[in-house]
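Before any comments, here is the structure.
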Amino acid sequence: MKTFGGPVLFLDRSDINTDEIIPAKYLTAVSKDDLKPHLLEDLKLPGFDPAASGRTEFRVIVARANFGCGSSREHAPWALEVNNITAVIAESYARIFRQNMFNVGMMAIELPKAEIDALFAFAKNGAVSCAIDLDARKLMLKSGNQRREPAFSLSPFDEALVKAGGWVEYADARY
């Protein structure tokens, strides 16, 4: 099973759609690696520069509500996956996007609005790193000397998908 967590990218907006995660013009790519340089290139957000160096160092994204809305294609989770993003933490997700995250063995963690607000306030302390304990259902966020440890829930089936590495691996082991 892969390790979840790492440096956190905070995207302070709701309704980040799949075209902003990976623009539709790249959907003809023949491999996931072809998507890699285009992650979030069309995202318009004050203070966010998709071309900035260091953008690819992040392993976790924290965003507001309805992350992954738009089309139901799998390319959006693939673009995150190929950029080594292991988890997205948000208030809510578009249903199909959320399931596609688990289908490729990634975490789509939902937290209440108040906790998401607290995470954005926490990020004002400086760079944030996040470790995710799947078995304990706990996030461990650190910024300097500050720590936050919110709990999250996950269905047994989504946990099984993540532990298997995604739907294909889950199915191969069981059918």
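Each chain in the structure tokens gets a letter, A, B and so on, in the order shown; residues start at 1 in every chain, and ligands are counted from 1 in the order they appear.
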
Requested in this report: Among the residues of region 51-156 of chain A, find those DSSP assigns to helix (DSSP H, G or I) from the backbone and print them as a PyMOL selection string.
Outcome: chain A and resi 55-57+75-82+95-103+113-125+156

Query raised in the report: Can you tell me, as JSON, numbers by chain, what residues are no more than 6 Å from Leu141 (chain A) when counting only C-alpha atoms, ignoring any on the same chain fewer than 2 positions away?
Result: {"A": [129, 130, 147, 148]}

Query raised in the report: Could you pull out the strand (DSSP E) residues of region 18-154 of chain A from DSSP and send them as JSON, numbers by chain?
Result: {"A": [60, 61, 62, 63, 87, 88, 89, 90, 107, 108, 109, 110, 129, 130, 131, 132, 133, 138, 139, 140, 141, 142, 143, 146, 147, 148]}

Which residues are near Glu20 (chain A)? Cut-off 7 Å, only C-alpha atoms, ignore same chain within fewer than 6 positions. Put them as a PDB file with N, CA and C atoms, in the first residue's frame.
```pdb
ATOM      1  N   LEU A  40      -3.589  21.550 -13.337  1.00  0.00           N
ATOM      2  CA  LEU A  40      -4.061  22.833 -12.810  1.00  0.00           C
ATOM      3  C   LEU A  40      -3.659  24.043 -13.650  1.00  0.00           C
ATOM      4  N   GLU A  41      -3.238  23.838 -14.905  1.00  0.00           N
ATOM      5  CA  GLU A  41      -2.746  24.984 -15.682  1.00  0.00           C
ATOM      6  C   GLU A  41      -3.826  26.001 -16.015  1.00  0.00           C
ATOM      7  N   ASP A  42      -5.085  25.622 -16.006  1.00  0.00           N
ATOM      8  CA  ASP A  42      -6.168  26.571 -16.281  1.00  0.00           C
ATOM      9  C   ASP A  42      -6.885  27.055 -15.017  1.00  0.00           C
ATOM     10  N   LEU A  43      -6.351  26.717 -13.844  1.00  0.00           N
ATOM     11  CA  LEU A  43      -6.981  27.139 -12.595  1.00  0.00           C
ATOM     12  C   LEU A  43      -6.689  28.620 -12.352  1.00  0.00           C
TER      13      LEU A  43
END
```

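All residues of protein, DNA or RNA that reach within 9 Å of Val60 (chain A), judged by only C-alpha atoms and not counting those fewer than 4 positions away in the chain, are Phe4, Gly5, Gly6, Pro7, Val8, Leu9, Phe10, Asn84, Ile85, Thr86, Ala87, Val88, Ile89, Ser129 and Cys130 of chain A.
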
Mind dumping the selected residues with N, CA and C atoms as an mmCIF file, in the first residue's frame?
```
data_model
loop_
_atom_site.group_PDB
_atom_site.id
_atom_site.type_symbol
_atom_site.label_atom_id
_atom_site.label_comp_id
_atom_site.auth_asym_id
_atom_site.auth_seq_id
_atom_site.Cartn_x
_atom_site.Cartn_y
_atom_site.Cartn_z
ATOM 1 N N PHE A 4 0.383 7.807 2.133
ATOM 2 C CA PHE A 4 -0.439 8.974 1.831
ATOM 3 C C PHE A 4 0.036 10.151 2.654
ATOM 4 N N GLY A 5 0.156 11.295 1.985
ATOM 5 C CA GLY A 5 0.525 12.505 2.675
ATOM 6 C C GLY A 5 1.729 13.164 2.054
ATOM 7 N N GLY A 6 2.142 14.270 2.667
ATOM 8 C CA GLY A 6 3.270 15.053 2.207
ATOM 9 C C GLY A 6 2.936 16.524 2.259
ATOM 10 N N PRO A 7 3.720 17.346 1.555
ATOM 11 C CA PRO A 7 3.451 18.789 1.538
ATOM 12 C C PRO A 7 2.064 19.084 0.968
ATOM 13 N N VAL A 8 1.410 20.114 1.540
ATOM 14 C CA VAL A 8 0.020 20.424 1.207
ATOM 15 C C VAL A 8 -0.065 21.686 0.347
ATOM 16 N N LEU A 9 -0.881 21.603 -0.705
ATOM 17 C CA LEU A 9 -1.234 22.743 -1.544
ATOM 18 C C LEU A 9 -2.652 23.149 -1.177
ATOM 19 N N PHE A 10 -2.830 24.389 -0.743
ATOM 20 C CA PHE A 10 -4.144 24.905 -0.381
ATOM 21 C C PHE A 10 -4.720 25.680 -1.555
ATOM 22 N N ASN A 84 1.915 12.692 -8.417
ATOM 23 C CA ASN A 84 2.171 12.178 -7.070
ATOM 24 C C ASN A 84 1.300 12.795 -5.990
ATOM 25 N N ILE A 85 0.137 13.324 -6.369
ATOM 26 C CA ILE A 85 -0.845 13.746 -5.374
ATOM 27 C C ILE A 85 -1.476 12.463 -4.842
ATOM 28 N N THR A 86 -1.446 12.278 -3.539
ATOM 29 C CA THR A 86 -1.982 11.040 -2.965
ATOM 30 C C THR A 86 -3.360 11.224 -2.351
ATOM 31 N N ALA A 87 -3.723 12.496 -2.071
ATOM 32 C CA ALA A 87 -5.003 12.734 -1.413
ATOM 33 C C ALA A 87 -5.491 14.149 -1.694
ATOM 34 N N VAL A 88 -6.805 14.281 -1.720
ATOM 35 C CA VAL A 88 -7.461 15.586 -1.748
ATOM 36 C C VAL A 88 -8.368 15.618 -0.527
ATOM 37 N N ILE A 89 -8.310 16.735 0.184
ATOM 38 C CA ILE A 89 -9.142 16.940 1.371
ATOM 39 C C ILE A 89 -10.062 18.111 1.058
ATOM 40 N N SER A 129 2.622 20.259 6.192
ATOM 41 C CA SER A 129 2.768 18.876 5.735
ATOM 42 C C SER A 129 1.671 18.054 6.396
ATOM 43 N N CYS A 130 1.297 16.977 5.740
ATOM 44 C CA CYS A 130 0.187 16.152 6.218
ATOM 45 C C CYS A 130 0.565 14.680 6.107
#
```
